[in-house]
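Reproduced below: coords-v3.txt, with compact mmCIF, N, CA, C and O atoms.
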# COMPACT_ATOMS: atom_id res chain seq x y z
N MET A 1 0.85 -1.18 0.00
CA MET A 1 0.00 0.00 0.00
C MET A 1 0.89 1.23 0.00
O MET A 1 1.87 1.31 0.72
N GLY A 2 0.54 2.22 -0.80
CA GLY A 2 1.33 3.43 -0.91
C GLY A 2 0.99 4.45 0.17
O GLY A 2 0.03 4.32 0.92
N ALA A 3 1.79 5.49 0.19
CA ALA A 3 1.59 6.57 1.15
C ALA A 3 0.42 7.44 0.71
O ALA A 3 0.10 7.55 -0.46
N ILE A 4 -0.22 8.05 1.68
CA ILE A 4 -1.29 9.01 1.39
C ILE A 4 -0.62 10.33 1.03
O ILE A 4 0.10 10.90 1.85
N GLU A 5 -0.85 10.78 -0.17
CA GLU A 5 -0.18 11.99 -0.66
C GLU A 5 -1.18 12.94 -1.29
O GLU A 5 -2.33 12.59 -1.55
N GLY A 6 -0.72 14.15 -1.56
CA GLY A 6 -1.47 15.12 -2.32
C GLY A 6 -2.84 15.45 -1.73
O GLY A 6 -2.99 15.69 -0.54
N ARG A 7 -3.84 15.45 -2.59
CA ARG A 7 -5.20 15.86 -2.20
C ARG A 7 -5.76 14.97 -1.10
O ARG A 7 -6.48 15.44 -0.22
N MET A 8 -5.45 13.67 -1.13
CA MET A 8 -5.94 12.77 -0.08
C MET A 8 -5.35 13.17 1.28
O MET A 8 -6.04 13.10 2.30
N ALA A 9 -4.11 13.58 1.30
CA ALA A 9 -3.51 14.04 2.55
C ALA A 9 -4.19 15.32 3.02
O ALA A 9 -4.41 15.52 4.22
N ASP A 10 -4.54 16.18 2.06
CA ASP A 10 -5.25 17.42 2.41
C ASP A 10 -6.58 17.14 3.08
O ASP A 10 -7.02 17.87 3.96
N LEU A 11 -7.25 16.07 2.66
CA LEU A 11 -8.60 15.75 3.14
C LEU A 11 -8.63 14.78 4.32
O LEU A 11 -9.69 14.57 4.91
N TYR A 12 -7.52 14.19 4.67
CA TYR A 12 -7.48 13.12 5.68
C TYR A 12 -8.21 13.49 6.97
O TYR A 12 -9.07 12.75 7.44
N ASP A 13 -7.88 14.61 7.54
CA ASP A 13 -8.47 14.98 8.83
C ASP A 13 -9.95 15.36 8.73
O ASP A 13 -10.66 15.37 9.73
N VAL A 14 -10.41 15.67 7.53
CA VAL A 14 -11.82 16.01 7.34
C VAL A 14 -12.72 14.81 7.61
O VAL A 14 -13.84 14.95 8.10
N PHE A 15 -12.23 13.61 7.32
CA PHE A 15 -13.05 12.41 7.40
C PHE A 15 -12.96 11.67 8.74
O PHE A 15 -13.57 10.63 8.91
N VAL A 16 -12.19 12.20 9.67
CA VAL A 16 -12.02 11.53 10.96
C VAL A 16 -12.57 12.43 12.06
O VAL A 16 -12.24 13.61 12.14
N ASP A 17 -13.41 11.87 12.92
CA ASP A 17 -13.91 12.59 14.09
C ASP A 17 -12.84 12.49 15.18
O ASP A 17 -12.88 11.61 16.03
N TRP A 18 -11.83 13.35 15.08
CA TRP A 18 -10.68 13.23 15.99
C TRP A 18 -11.06 13.42 17.45
O TRP A 18 -10.54 12.71 18.31
N GLU A 19 -11.93 14.34 17.74
CA GLU A 19 -12.32 14.54 19.15
C GLU A 19 -12.94 13.26 19.71
O GLU A 19 -12.58 12.81 20.80
N GLY A 20 -13.85 12.66 18.98
CA GLY A 20 -14.47 11.42 19.42
C GLY A 20 -13.50 10.26 19.47
O GLY A 20 -13.48 9.48 20.43
N ARG A 21 -12.69 10.13 18.41
CA ARG A 21 -11.75 9.01 18.36
C ARG A 21 -10.73 9.08 19.49
O ARG A 21 -10.49 8.09 20.18
N LEU A 22 -10.13 10.25 19.68
CA LEU A 22 -9.14 10.38 20.75
C LEU A 22 -9.80 10.23 22.12
O LEU A 22 -9.20 9.67 23.04
N GLY A 23 -11.03 10.70 22.25
CA GLY A 23 -11.76 10.54 23.50
C GLY A 23 -11.98 9.07 23.86
O GLY A 23 -11.95 8.69 25.03
N ARG A 24 -12.18 8.25 22.84
CA ARG A 24 -12.37 6.80 23.06
C ARG A 24 -11.05 6.08 23.27
O ARG A 24 -10.96 5.16 24.08
N GLU A 25 -10.01 6.45 22.52
CA GLU A 25 -8.77 5.69 22.50
C GLU A 25 -7.75 6.09 23.57
O GLU A 25 -7.04 5.24 24.10
N MET A 26 -7.64 7.37 23.86
CA MET A 26 -6.55 7.83 24.72
C MET A 26 -6.60 7.34 26.16
O MET A 26 -5.55 7.02 26.72
N PRO A 27 -7.76 7.25 26.80
CA PRO A 27 -7.72 6.77 28.20
C PRO A 27 -7.09 5.38 28.32
O PRO A 27 -6.23 5.17 29.18
N GLY A 28 -7.50 4.45 27.50
CA GLY A 28 -6.93 3.10 27.56
C GLY A 28 -5.49 3.06 27.12
O GLY A 28 -4.66 2.36 27.72
N LEU A 29 -5.16 3.81 26.08
CA LEU A 29 -3.79 3.83 25.58
C LEU A 29 -2.83 4.41 26.61
O LEU A 29 -1.80 3.81 26.91
N THR A 30 -3.18 5.55 27.19
CA THR A 30 -2.29 6.15 28.17
C THR A 30 -2.19 5.28 29.43
O THR A 30 -1.11 5.17 30.01
N ARG A 31 -3.29 4.66 29.82
CA ARG A 31 -3.24 3.77 30.99
C ARG A 31 -2.26 2.62 30.74
O ARG A 31 -1.40 2.32 31.58
N ARG A 32 -2.37 1.99 29.58
CA ARG A 32 -1.49 0.85 29.28
C ARG A 32 -0.03 1.28 29.15
O ARG A 32 0.87 0.57 29.60
N LEU A 33 0.20 2.43 28.55
CA LEU A 33 1.58 2.92 28.44
C LEU A 33 2.17 3.19 29.82
O LEU A 33 3.32 2.84 30.10
N ARG A 34 1.38 3.81 30.69
CA ARG A 34 1.88 4.09 32.04
C ARG A 34 2.10 2.80 32.83
O ARG A 34 3.09 2.68 33.56
N GLU A 35 1.19 1.84 32.68
CA GLU A 35 1.36 0.55 33.37
C GLU A 35 2.64 -0.15 32.91
O GLU A 35 3.29 -0.84 33.70
N ALA A 36 3.01 0.05 31.64
CA ALA A 36 4.23 -0.57 31.11
C ALA A 36 5.48 0.24 31.46
O ALA A 36 6.59 -0.18 31.18
N GLY A 37 5.29 1.39 32.08
CA GLY A 37 6.43 2.23 32.45
C GLY A 37 6.97 3.05 31.29
O GLY A 37 8.09 3.57 31.37
N ALA A 38 6.20 3.16 30.21
CA ALA A 38 6.66 3.90 29.03
C ALA A 38 6.67 5.40 29.31
O ALA A 38 5.76 5.94 29.93
N ARG A 39 7.71 6.04 28.84
CA ARG A 39 7.80 7.49 28.89
C ARG A 39 7.97 8.05 27.49
O ARG A 39 7.53 9.15 27.20
N ARG A 40 8.62 7.27 26.62
CA ARG A 40 8.85 7.69 25.24
C ARG A 40 8.01 6.81 24.33
O ARG A 40 7.96 5.60 24.51
N VAL A 41 7.36 7.43 23.33
CA VAL A 41 6.46 6.70 22.44
C VAL A 41 6.78 7.10 21.00
O VAL A 41 6.93 8.30 20.70
N LEU A 42 6.87 6.11 20.12
CA LEU A 42 7.00 6.36 18.69
C LEU A 42 5.74 5.87 18.01
O LEU A 42 5.40 4.69 18.09
N ASP A 43 5.03 6.77 17.36
CA ASP A 43 3.83 6.43 16.60
C ASP A 43 4.26 6.20 15.15
O ASP A 43 4.51 7.15 14.41
N VAL A 44 4.36 4.94 14.76
CA VAL A 44 4.75 4.59 13.40
C VAL A 44 3.49 4.60 12.54
O VAL A 44 2.51 3.92 12.85
N GLY A 45 3.52 5.37 11.48
CA GLY A 45 2.33 5.58 10.67
C GLY A 45 1.48 6.67 11.29
O GLY A 45 0.26 6.57 11.35
N CYS A 46 2.12 7.74 11.74
CA CYS A 46 1.46 8.77 12.54
C CYS A 46 0.50 9.65 11.76
O CYS A 46 -0.26 10.40 12.36
N GLY A 47 0.54 9.58 10.45
CA GLY A 47 -0.36 10.42 9.67
C GLY A 47 -0.15 11.89 9.98
O GLY A 47 0.97 12.39 9.95
N THR A 48 -1.22 12.58 10.30
CA THR A 48 -1.14 14.02 10.58
C THR A 48 -0.77 14.32 12.03
O THR A 48 -0.78 15.48 12.44
N GLY A 49 -0.45 13.29 12.79
CA GLY A 49 0.12 13.49 14.12
C GLY A 49 -0.86 13.73 15.26
O GLY A 49 -0.46 14.16 16.34
N ARG A 50 -2.12 13.42 15.07
CA ARG A 50 -3.10 13.70 16.12
C ARG A 50 -2.84 12.87 17.39
O ARG A 50 -2.99 13.38 18.51
N HIS A 51 -2.48 11.60 17.24
CA HIS A 51 -2.16 10.79 18.42
C HIS A 51 -0.88 11.29 19.09
O HIS A 51 -0.78 11.31 20.32
N VAL A 52 0.09 11.69 18.28
CA VAL A 52 1.34 12.21 18.85
C VAL A 52 1.04 13.45 19.69
O VAL A 52 1.53 13.57 20.83
N ARG A 53 0.24 14.35 19.18
CA ARG A 53 -0.12 15.56 19.93
C ARG A 53 -0.82 15.20 21.24
O ARG A 53 -0.53 15.75 22.29
N ALA A 54 -1.75 14.25 21.18
CA ALA A 54 -2.48 13.84 22.38
C ALA A 54 -1.54 13.20 23.39
O ALA A 54 -1.67 13.43 24.61
N LEU A 55 -0.58 12.42 22.92
CA LEU A 55 0.39 11.80 23.82
C LEU A 55 1.31 12.86 24.45
O LEU A 55 1.64 12.77 25.64
N LEU A 56 1.73 13.83 23.66
CA LEU A 56 2.52 14.94 24.22
C LEU A 56 1.72 15.66 25.30
O LEU A 56 2.25 15.95 26.37
N ASP A 57 0.46 15.93 25.01
CA ASP A 57 -0.41 16.62 25.98
C ASP A 57 -0.59 15.80 27.25
O ASP A 57 -0.81 16.37 28.32
N ALA A 58 -0.49 14.47 27.13
CA ALA A 58 -0.63 13.58 28.29
C ALA A 58 0.69 13.41 29.04
O ALA A 58 0.76 12.67 30.02
N GLY A 59 1.74 14.08 28.57
CA GLY A 59 3.00 14.07 29.29
C GLY A 59 4.04 13.08 28.78
O GLY A 59 5.11 12.94 29.39
N PHE A 60 3.78 12.43 27.67
CA PHE A 60 4.75 11.50 27.10
C PHE A 60 5.72 12.25 26.19
O PHE A 60 5.39 13.30 25.63
N ASP A 61 6.90 11.70 26.01
CA ASP A 61 7.87 12.17 25.03
C ASP A 61 7.52 11.43 23.75
O ASP A 61 8.01 10.33 23.50
N ALA A 62 6.63 11.99 22.95
CA ALA A 62 6.06 11.30 21.80
C ALA A 62 6.62 11.85 20.49
O ALA A 62 6.85 13.05 20.35
N HIS A 63 6.83 10.94 19.55
CA HIS A 63 7.35 11.28 18.23
C HIS A 63 6.59 10.47 17.19
O HIS A 63 6.06 9.40 17.48
N GLY A 64 6.56 10.97 15.97
CA GLY A 64 5.85 10.28 14.90
C GLY A 64 6.73 10.02 13.70
O GLY A 64 7.68 10.77 13.44
N ALA A 65 6.41 8.97 12.98
CA ALA A 65 7.07 8.63 11.72
C ALA A 65 6.01 8.19 10.74
O ALA A 65 5.05 7.52 11.12
N ASP A 66 6.18 8.57 9.49
CA ASP A 66 5.22 8.18 8.47
C ASP A 66 5.95 8.15 7.13
O ASP A 66 6.89 8.91 6.92
N MET A 67 5.51 7.28 6.23
CA MET A 67 6.15 7.21 4.93
C MET A 67 5.67 8.31 3.98
O MET A 67 6.24 8.51 2.92
N SER A 68 4.64 9.04 4.37
CA SER A 68 4.10 10.11 3.54
C SER A 68 4.68 11.46 3.97
O SER A 68 4.40 11.95 5.07
N GLU A 69 5.45 12.07 3.09
CA GLU A 69 5.98 13.40 3.38
C GLU A 69 4.85 14.42 3.52
O GLU A 69 4.94 15.34 4.33
N ASP A 70 3.78 14.26 2.74
CA ASP A 70 2.66 15.18 2.83
C ASP A 70 1.98 15.09 4.21
O ASP A 70 1.60 16.10 4.79
N MET A 71 1.81 13.88 4.71
CA MET A 71 1.19 13.72 6.03
C MET A 71 2.12 14.28 7.13
O MET A 71 1.66 14.95 8.05
N LEU A 72 3.40 14.02 7.02
CA LEU A 72 4.35 14.55 8.01
C LEU A 72 4.37 16.08 8.00
O LEU A 72 4.47 16.70 9.05
N ALA A 73 4.24 16.66 6.81
CA ALA A 73 4.19 18.11 6.72
C ALA A 73 3.00 18.66 7.49
O ALA A 73 3.09 19.67 8.18
N ARG A 74 1.86 17.97 7.43
CA ARG A 74 0.68 18.39 8.17
C ARG A 74 0.86 18.16 9.67
O ARG A 74 0.39 18.95 10.49
N ALA A 75 1.56 17.10 10.03
CA ALA A 75 1.81 16.82 11.45
C ALA A 75 2.69 17.91 12.06
O ALA A 75 2.48 18.29 13.21
N ARG A 76 3.63 18.38 11.30
CA ARG A 76 4.53 19.42 11.82
C ARG A 76 3.76 20.71 12.06
O ARG A 76 3.98 21.46 12.93

Would you give me this structure, written as structure tokens?
Amino acid sequence: MGAIEGRMADLYDVFVDWEGRLGREMPGLTRRLREAGARRVLDVGCGTGRHVRALLDAGFDAHGADMSEDMLARAR
């Protein structure tokens, strides 16, 4: 599967209910990371970086990687 580039990268965040998704996912994710003693997190396939931002806001040293330069540009 190829990277999301160009116009699709421009539209990516339009199709995701980020507030709802992060509201559902982050409590369990942060709990499990803390239980494992994690302080640093790498989000591989980070897309536009919404999970990375949420992890940073939760106090983790979070970083993202993605094969799409267009998506990384949006994450920055």

Using only N, CA, C and O atoms, pick whichever of A:Ala65, A:Ala73, A:Ala38, A:Ala54 has the shortest atom-to-atom distance to Met26 of chain A. A:Ala54

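Relative to atom O of Gly59 of chain A, atom C of Arg34 of chain A is found at 11.1 Å.
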
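Running DSSP on the backbone gives strand (DSSP E) for these residues within chain A: Arg40, Val41, Leu42, Asp43, Val44, Asp61, Ala62, His63, Gly64 and Ala65 of chain A.
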
Measuring atom to atom with all atoms listed in the file, identify which of A:Glu19, A:Arg39, A:Met8, A:Arg74 is nearest to Leu55 of chain A. A:Arg39

To one decimal place, how far is atom CA of Asp61 of chain A from atom CA of Gly37 of chain A in Å? 12.5 Å

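Distance check against Ile4 of chain A using only C-alpha atoms: of A:Arg76, A:Gly47, A:Arg21, A:Phe60, the minimum falls on A:Gly47.
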
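Residue nearest Thr48 of chain A, chosen from A:Glu35, A:Glu5, A:Glu25, A:Asp70 and counting only N, CA, C and O atoms: A:Asp70.
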
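When atom CA of Val41 of chain A is paired with atom CA of Asp57 of chain A, their separation reads 12.6 Å.
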
Name the closest residue to Gly2 of chain A among the candidates A:Arg32, A:Ala75, A:Met67, A:Pro27; distances are taken between atoms, counting all atoms listed in the file. A:Met67

Give the alpha helix (DSSP H) residues of chain A, as DSSP finds them on the backbone, and put them as a count of residues only. 39

Missing atoms of segment 9-20 of chain A rebuilt to all heavy atoms, written as a PDB file, in the coordinates of the input:
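Here's the written file rebuild.pdb:
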ATOM      1  N   ALA A   9      -4.110  13.580   1.300  1.00  0.00           N
ATOM      2  CA  ALA A   9      -3.510  14.040   2.550  1.00  0.00           C
ATOM      3  C   ALA A   9      -4.190  15.320   3.020  1.00  0.00           C
ATOM      4  O   ALA A   9      -4.410  15.520   4.220  1.00  0.00           O
ATOM      5  CB  ALA A   9      -2.011  14.259   2.375  1.00  0.00           C
ATOM      6  N   ASP A  10      -4.540  16.180   2.060  1.00  0.00           N
ATOM      7  CA  ASP A  10      -5.250  17.420   2.410  1.00  0.00           C
ATOM      8  C   ASP A  10      -6.580  17.140   3.080  1.00  0.00           C
ATOM      9  O   ASP A  10      -7.020  17.870   3.960  1.00  0.00           O
ATOM     10  CB  ASP A  10      -5.530  18.258   1.152  1.00  0.00           C
ATOM     11  CG  ASP A  10      -4.265  18.836   0.529  1.00  0.00           C
ATOM     12  OD1 ASP A  10      -3.256  18.974   1.243  1.00  0.00           O
ATOM     13  OD2 ASP A  10      -4.309  19.146  -0.675  1.00  0.00           O
ATOM     14  N   LEU A  11      -7.250  16.070   2.660  1.00  0.00           N
ATOM     15  CA  LEU A  11      -8.600  15.750   3.140  1.00  0.00           C
ATOM     16  C   LEU A  11      -8.630  14.780   4.320  1.00  0.00           C
ATOM     17  O   LEU A  11      -9.690  14.570   4.910  1.00  0.00           O
ATOM     18  CB  LEU A  11      -9.420  15.159   1.987  1.00  0.00           C
ATOM     19  CG  LEU A  11      -9.698  16.105   0.830  1.00  0.00           C
ATOM     20  CD1 LEU A  11     -10.347  15.354  -0.323  1.00  0.00           C
ATOM     21  CD2 LEU A  11     -10.566  17.262   1.285  1.00  0.00           C
ATOM     22  N   TYR A  12      -7.520  14.190   4.670  1.00  0.00           N
ATOM     23  CA  TYR A  12      -7.480  13.120   5.680  1.00  0.00           C
ATOM     24  C   TYR A  12      -8.210  13.490   6.970  1.00  0.00           C
ATOM     25  O   TYR A  12      -9.070  12.750   7.440  1.00  0.00           O
ATOM     26  CB  TYR A  12      -6.027  12.747   5.976  1.00  0.00           C
ATOM     27  CG  TYR A  12      -5.889  11.620   6.951  1.00  0.00           C
ATOM     28  CD1 TYR A  12      -6.066  10.306   6.554  1.00  0.00           C
ATOM     29  CD2 TYR A  12      -5.580  11.862   8.285  1.00  0.00           C
ATOM     30  CE1 TYR A  12      -5.941   9.250   7.441  1.00  0.00           C
ATOM     31  CE2 TYR A  12      -5.459  10.816   9.179  1.00  0.00           C
ATOM     32  CZ  TYR A  12      -5.640   9.527   8.763  1.00  0.00           C
ATOM     33  OH  TYR A  12      -5.521   8.489   9.654  1.00  0.00           O
ATOM     34  N   ASP A  13      -7.880  14.610   7.540  1.00  0.00           N
ATOM     35  CA  ASP A  13      -8.470  14.980   8.830  1.00  0.00           C
ATOM     36  C   ASP A  13      -9.950  15.360   8.730  1.00  0.00           C
ATOM     37  O   ASP A  13     -10.660  15.370   9.730  1.00  0.00           O
ATOM     38  CB  ASP A  13      -7.693  16.120   9.481  1.00  0.00           C
ATOM     39  CG  ASP A  13      -6.372  15.649  10.069  1.00  0.00           C
ATOM     40  OD1 ASP A  13      -6.267  14.459  10.428  1.00  0.00           O
ATOM     41  OD2 ASP A  13      -5.447  16.477  10.167  1.00  0.00           O
ATOM     42  N   VAL A  14     -10.410  15.670   7.530  1.00  0.00           N
ATOM     43  CA  VAL A  14     -11.820  16.010   7.340  1.00  0.00           C
ATOM     44  C   VAL A  14     -12.720  14.810   7.610  1.00  0.00           C
ATOM     45  O   VAL A  14     -13.840  14.950   8.100  1.00  0.00           O
ATOM     46  CB  VAL A  14     -12.051  16.531   5.896  1.00  0.00           C
ATOM     47  CG1 VAL A  14     -13.523  16.731   5.595  1.00  0.00           C
ATOM     48  CG2 VAL A  14     -11.256  17.812   5.662  1.00  0.00           C
ATOM     49  N   PHE A  15     -12.230  13.610   7.320  1.00  0.00           N
ATOM     50  CA  PHE A  15     -13.050  12.410   7.400  1.00  0.00           C
ATOM     51  C   PHE A  15     -12.960  11.670   8.740  1.00  0.00           C
ATOM     52  O   PHE A  15     -13.570  10.630   8.910  1.00  0.00           O
ATOM     53  CB  PHE A  15     -12.680  11.443   6.269  1.00  0.00           C
ATOM     54  CG  PHE A  15     -12.993  12.010   4.919  1.00  0.00           C
ATOM     55  CD1 PHE A  15     -11.982  12.452   4.085  1.00  0.00           C
ATOM     56  CD2 PHE A  15     -14.304  12.144   4.494  1.00  0.00           C
ATOM     57  CE1 PHE A  15     -12.270  12.992   2.846  1.00  0.00           C
ATOM     58  CE2 PHE A  15     -14.608  12.691   3.254  1.00  0.00           C
ATOM     59  CZ  PHE A  15     -13.585  13.115   2.429  1.00  0.00           C
ATOM     60  N   VAL A  16     -12.190  12.200   9.670  1.00  0.00           N
ATOM     61  CA  VAL A  16     -12.020  11.530  10.960  1.00  0.00           C
ATOM     62  C   VAL A  16     -12.570  12.430  12.060  1.00  0.00           C
ATOM     63  O   VAL A  16     -12.240  13.610  12.140  1.00  0.00           O
ATOM     64  CB  VAL A  16     -10.524  11.222  11.238  1.00  0.00           C
ATOM     65  CG1 VAL A  16     -10.354  10.563  12.597  1.00  0.00           C
ATOM     66  CG2 VAL A  16      -9.943  10.337  10.133  1.00  0.00           C
ATOM     67  N   ASP A  17     -13.410  11.870  12.920  1.00  0.00           N
ATOM     68  CA  ASP A  17     -13.910  12.590  14.090  1.00  0.00           C
ATOM     69  C   ASP A  17     -12.840  12.490  15.180  1.00  0.00           C
ATOM     70  O   ASP A  17     -12.880  11.610  16.030  1.00  0.00           O
ATOM     71  CB  ASP A  17     -15.223  11.958  14.570  1.00  0.00           C
ATOM     72  CG  ASP A  17     -15.677  12.486  15.921  1.00  0.00           C
ATOM     73  OD1 ASP A  17     -15.214  13.575  16.340  1.00  0.00           O
ATOM     74  OD2 ASP A  17     -16.486  11.800  16.569  1.00  0.00           O
ATOM     75  N   TRP A  18     -11.830  13.350  15.080  1.00  0.00           N
ATOM     76  CA  TRP A  18     -10.680  13.230  15.990  1.00  0.00           C
ATOM     77  C   TRP A  18     -11.060  13.420  17.450  1.00  0.00           C
ATOM     78  O   TRP A  18     -10.540  12.710  18.310  1.00  0.00           O
ATOM     79  CB  TRP A  18      -9.575  14.200  15.569  1.00  0.00           C
ATOM     80  CG  TRP A  18      -8.824  13.665  14.405  1.00  0.00           C
ATOM     81  CD1 TRP A  18      -8.855  14.122  13.119  1.00  0.00           C
ATOM     82  CD2 TRP A  18      -7.968  12.520  14.400  1.00  0.00           C
ATOM     83  NE1 TRP A  18      -8.058  13.334  12.330  1.00  0.00           N
ATOM     84  CE2 TRP A  18      -7.501  12.344  13.082  1.00  0.00           C
ATOM     85  CE3 TRP A  18      -7.540  11.626  15.366  1.00  0.00           C
ATOM     86  CZ2 TRP A  18      -6.632  11.320  12.717  1.00  0.00           C
ATOM     87  CZ3 TRP A  18      -6.674  10.600  15.012  1.00  0.00           C
ATOM     88  CH2 TRP A  18      -6.230  10.458  13.696  1.00  0.00           C
ATOM     89  N   GLU A  19     -11.930  14.340  17.740  1.00  0.00           N
ATOM     90  CA  GLU A  19     -12.320  14.540  19.150  1.00  0.00           C
ATOM     91  C   GLU A  19     -12.940  13.260  19.710  1.00  0.00           C
ATOM     92  O   GLU A  19     -12.580  12.810  20.800  1.00  0.00           O
ATOM     93  CB  GLU A  19     -13.296  15.707  19.257  1.00  0.00           C
ATOM     94  CG  GLU A  19     -13.655  16.041  20.690  1.00  0.00           C
ATOM     95  CD  GLU A  19     -14.559  17.255  20.787  1.00  0.00           C
ATOM     96  OE1 GLU A  19     -14.598  18.078  19.849  1.00  0.00           O
ATOM     97  OE2 GLU A  19     -15.219  17.374  21.828  1.00  0.00           O
ATOM     98  N   GLY A  20     -13.850  12.660  18.980  1.00  0.00           N
ATOM     99  CA  GLY A  20     -14.470  11.420  19.420  1.00  0.00           C
ATOM    100  C   GLY A  20     -13.500  10.260  19.470  1.00  0.00           C
ATOM    101  O   GLY A  20     -13.480   9.480  20.430  1.00  0.00           O
TER     102      GLY A  20
END
